[in-house]
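> Mind looking over this structure? Questions follow.
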Amino acid sequence: MTLFDSVKKQKLPFTPIKEGEIRLYVCGPTVYDDAHLGHARSSIVFDLWRRLFVFLGFKVIFVKNFTDIDDKIIKKSLDSHISVSELTSRYMDSYLKDMDSLGVLRADIEPKATEHLPQMCEMIESLLHKEYAYKGENNDVYLSISKDAHYGSLSHRAEDINAQSRIENAQDKLEHNDFALWKGYKGENDIAYDSPFGKGRPGWHIECSAMIEKHLAYQNEAYAIDIHAGGADLLFPHHENEASQTRCATGRELAKYWLHNGFVNINGEKMSKSLGNSFFIKDALTSYDGEILRNYLLGVHYRLTLNFNEEDLLQSKKRLDKIYRLKKRVQDTLPPHIPTQSIESLHDSASLQHLAKNAQKDFLQPLLEALSDDYNISKALSIIEDMLSRSNEILDKYPKDKTQKQSIGANLLCIEFLLGLGSKNAQEYFQLGLSAEKKAYIEEQLQKRQEAKKTKDYALADSIRDALKQEGIEIMDTPFGTTWEKI
């Protein structure tokens with residue numbers, strides 16, 4: 001397996017710190033608003049990596065945090081006249097609901113910043129004791145980057161003044177790009193916690209290092225964890241500062257490999273709330289099922305910029321339609337559906353992991369080779385496309401061959417496991433986007449049509465079929481009964 005390391009800026013062979021195990025940390029959201037397509041893409045990207053690692057037999061320990069104390073959170077709390085805890089709880093729940101809709105598996109551990117203040121204080125105390133950090137005015141504590149000889153080795157942007165720190169123009173910093181480990185209490189429009197440094201709250205960067213130390217870190221290795229991941233916008237200053245404070249506090253490098261996903265552009269511009277083009281997931285879900293969004297967002301290589309537009313989304317949906325068309329042809333040989341909302345269902349020997357490995361070798365082997373090459377999704381999707389076409393040709397020749405159907409079904413389970421696509425009932429998939437009332441109306445019309453056929457009133461039966469087709473509903477009479485699809 002190879003992956004592109006953001007530090008070395010090249011594809012490297014992947015070798016875990018401990019054989020058979022991967023410790024993976026992904027920076028999660030700051031929960032002060034609804035999740036947007038940038039959150040969706042990052043979550044899907046590292047969900048895909050995690051699924052691949054698990055499929056290949058690694059024990060994966062996956063941690064994804066929530067930043068639930070931050071300047072933006074405090075401002076939103078004051079503007080909304082609700083408590084910080086109520087605000088962050090609301091948006092955490094909303095985020096997780098959106099991720100469930102996108103088929104993103106829950107992390108093994110989902111730590112919150114406010115629940116790790118003791119660990120943060122302990123790390124800051126260590127940095128002060130080792131004289132990597134210093135106290136400023138009003139209980140502020142900063143890390144002195146001049147004391148870290150390797151600062152900038154991650155992003156190679158150590159002198160990017162404008163991007164540094166969420167505290168701007170602080171007068172008590174020794175150097176302009178020293179960053180805050182602890183922010184002293186600023187008054188009634190602030191939030192404060194007790195600490196050895198006085199009342200205040202943690203800086204943004206310290207939380208991730210402290211959480212990694214508590215939940216993931218190897219204590220006697222050169223690196224704390226195998227992989228640290230997140231969006232490309234976090235490379236500097238956030239990840240650079242995380243790496244620095246961990247290096248200074250522990251003497252270890254934070255991660256052996258760093259993975260970063262590309263941006264999402266809308267209308268040719270980087271998605272940004274300041275530009276007014278932040279496409280919330282919840283809004284997208286009113287028009288498109290979460291699996292359709294997932295299918296689209298995973299279709300561009302994870303390191304490249306994704307230029308979002310609905311025309312491309314609808315074009316990519318044709319791939320998903322093909323998966324479900326094939327699934328419909330082999331549905332009778334598939335095992336009962338196994339939910340995959342949790343990592344436990346992937347690990348379960350009776351679940352997808354076991355069943356998917358019965359996939360045809362001439363499909364599975366090249367697919368895994370493509371994905372193991374820094375997640376070459378274009379090549380993987382081409383392999384899947386060839387399999388779909390080949391499978392339909394086989395079923396056209398041997399429509400009742402149970403062995404062929406089972407083999408093809410295993411291929412589809414493999415896609416479901418690795419990409420998180422194709423988990424729905426095929427008939428239900430082709431009926432997506434209609435309300436319960438509309439579905440009830442369609443079933444009522446089908447019943448009327450069935451009664452008309454019984455009385456040999458074929459003109460009425462045909463008129464019902466034609467009327468439904470005008471409404472975008474296709475009726476199909478099969479040996480097993482009448483079904484319908486949304487066109």
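By convention in this document, the chains of the structure tokens carry letters A, B, ... by their order, each chain's residues are numbered from 1, and ligands are numbered from 1 in the order they are shown.
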Which polymer residues have any atom within 10 Å of an atom of A:Pro366, counting only C-alpha atoms, with same-chain residues fewer than 5 positions away left out, as a list in words?

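Once the adjacent positions are removed, what remains is Lys361, Leu371, Ser372, Lys379, Ala380, Ile383 and Ile384 of chain A.
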
> Quick one: everything within 12 Å of A:Ile415, counting only C-alpha atoms, minus sequence neighbours fewer than 3 positions away in the same chain. Send it as a PyMOL selection string.

chain A and resi 48+51-52+55+295+320+323-324+327+352-353+355-357+359+363-364+367-368+371+380-381+383-385+387-388+408-412+418-423

> How would the residues just picked look written out with C-alpha atoms as a compact mmCIF listing (two decimals), in the first residue's frame?


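And here's result.txt as it stands now:
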# COMPACT_ATOMS: atom_id res chain seq x y z
CA LEU A 48 -13.23 5.36 2.79
CA ARG A 51 -13.07 0.96 5.39
CA LEU A 52 -10.13 -0.04 3.18
CA PHE A 55 -11.11 -4.74 4.76
CA ASN A 295 -21.48 8.67 -4.55
CA LEU A 320 -25.18 4.37 -8.72
CA ILE A 323 -25.16 -0.70 -9.24
CA TYR A 324 -28.78 -0.91 -8.16
CA LYS A 327 -28.49 -5.57 -7.53
CA LEU A 352 -20.13 -7.66 4.98
CA GLN A 353 -16.43 -8.21 5.60
CA LEU A 355 -19.39 -11.98 2.62
CA ALA A 356 -17.59 -9.43 0.43
CA LYS A 357 -14.40 -11.48 0.38
CA ALA A 359 -16.17 -11.57 -4.57
CA PHE A 363 -12.65 -8.09 -9.77
CA LEU A 364 -11.57 -7.84 -6.15
CA LEU A 367 -9.96 -3.14 -7.16
CA LEU A 368 -7.90 -3.47 -3.97
CA LEU A 371 -7.49 1.60 -3.82
CA ALA A 380 -11.32 1.77 -8.97
CA LEU A 381 -14.50 3.18 -10.50
CA ILE A 383 -12.89 -1.48 -12.60
CA ILE A 384 -16.36 -1.35 -11.06
CA GLU A 385 -17.85 -0.09 -14.34
CA MET A 387 -17.61 -5.48 -13.64
CA LEU A 388 -21.14 -4.09 -13.93
CA ILE A 408 -22.00 -11.13 -8.69
CA GLY A 409 -23.83 -10.43 -5.44
CA ALA A 410 -20.53 -10.83 -3.55
CA ASN A 411 -18.99 -8.25 -5.88
CA LEU A 412 -21.77 -5.82 -4.94
CA LEU A 418 -15.41 -0.51 0.63
CA LEU A 419 -17.31 2.46 -0.82
CA GLY A 420 -20.48 2.49 1.26
CA LEU A 421 -22.63 2.27 -1.88
CA GLY A 422 -25.50 -0.06 -2.70
CA SER A 423 -26.82 -0.90 0.75

> Which residues come within 9 Å of A:Glu242, counting only C-alpha atoms, excluding same-chain residues fewer than 6 positions away, as an mmCIF file with C-alpha atoms, in the first residue's frame?


data_model
loop_
_atom_site.group_PDB
_atom_site.id
_atom_site.type_symbol
_atom_site.label_atom_id
_atom_site.label_comp_id
_atom_site.auth_asym_id
_atom_site.auth_seq_id
_atom_site.Cartn_x
_atom_site.Cartn_y
_atom_site.Cartn_z
ATOM 1 C CA HIS A 205 -4.520 23.616 18.683
ATOM 2 C CA ILE A 206 -3.788 22.135 22.110
ATOM 3 C CA GLU A 207 -7.000 20.120 22.245
ATOM 4 C CA CYS A 208 -6.037 17.699 19.463
ATOM 5 C CA SER A 209 -2.573 16.990 20.869
ATOM 6 C CA LEU A 254 2.906 13.402 16.318
#

> Please extract the residues of stretch 135-313 of chain A with a backbone DSSP assignment of alpha helix (DSSP H) and present them as number ranges by chain.

A: 206-215, 240-250, 281-284, 290-297, 310-313

> Tell me which of A:Asp226, A:Leu128, A:Lys183, A:Asp34 sits closest to A:Phe14, counting only C-alpha atoms.

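Selected residue with least distance to A:Phe14: A:Asp226.
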
> Which parts of stretch 161-379 of chain A does DSSP call strand (DSSP E) when run on the backbone here, written out as number ranges by chain?

A: 179-184, 200-202, 223-231, 253-261, 264-266, 269-270, 306-308

> Interatomic distance between atom CA of A:Arg325 and atom CA of A:Gln445?

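If I compute the distance from atom CA of A:Arg325 to atom CA of A:Gln445, I get 24.4 Å.
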
> Which polymer residues have any atom within 10 Å of an atom of A:Tyr218, counting only C-alpha atoms, with same-chain residues fewer than 5 positions away left out, as a ChimeraX atom specification?

/A:17-18,23,212-213,223-226,252,254

> Point out the residue among A:Ile69, A:Ala40, A:Met120, A:Ala426 with the least atom-to-atom distance to A:Lys322, counting only C-alpha atoms.

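Distance minimum relative to A:Lys322 lands on A:Ala426.
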
> Can you tell me, as a compact mmCIF listing (two decimals) with C-alpha atoms, in the first residue's frame, what residues are no more than 8 Å from stretch 80-88 of chain A when counting only C-alpha atoms, ignoring any on the same chain fewer than 6 positions away?


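Everything below was put into part_12.txt:
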# COMPACT_ATOMS: atom_id res chain seq x y z
CA VAL A 31 -19.73 22.85 16.27
CA TYR A 32 -21.26 26.29 15.95
CA ASP A 68 -16.97 22.59 21.47
CA ILE A 69 -15.24 25.70 22.85
CA ILE A 73 -18.96 29.23 19.35
CA ILE A 74 -18.97 31.91 22.04

> Can you pull out every residue within 12 Å of A:Tyr193, counting only C-alpha atoms, but drop anything in the same chain fewer than 4 positions away, and send it as a list in words?

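Counting only C-alpha atoms, the residues come to Ile69, Thr114, Glu115, His116, Leu117, Pro118, Met120, Cys121, Asn139, Trp182, Lys183, Gly184, Tyr185, Lys186, Phe197, Gly198, Lys199, Gly200, Arg201 and Pro202 of chain A.
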
> I'd like to know which of A:Ala229, A:Gln245, A:Asp401, A:Thr67 is closest to A:Tyr142, using only C-alpha atoms.

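Using only C-alpha atoms, the shortest distance to A:Tyr142 belongs to A:Gln245.
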
> Give me the residues within 8 Å of A:Ala243 as JSON, numbers by chain, counting only C-alpha atoms and dropping any in the same chain fewer than 3 places off.

{"A": [154, 209, 239, 240, 246, 247, 253, 254, 255]}

> What's the separation between atom CA of A:Asp373 and atom CA of A:Lys11, in Å to one decimal place?

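Between these atoms lies a distance of 8.7 Å.
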
> What is the distance between atom CA of A:Arg90 and atom CA of A:Leu234, in Å to one decimal?

24.2 Å
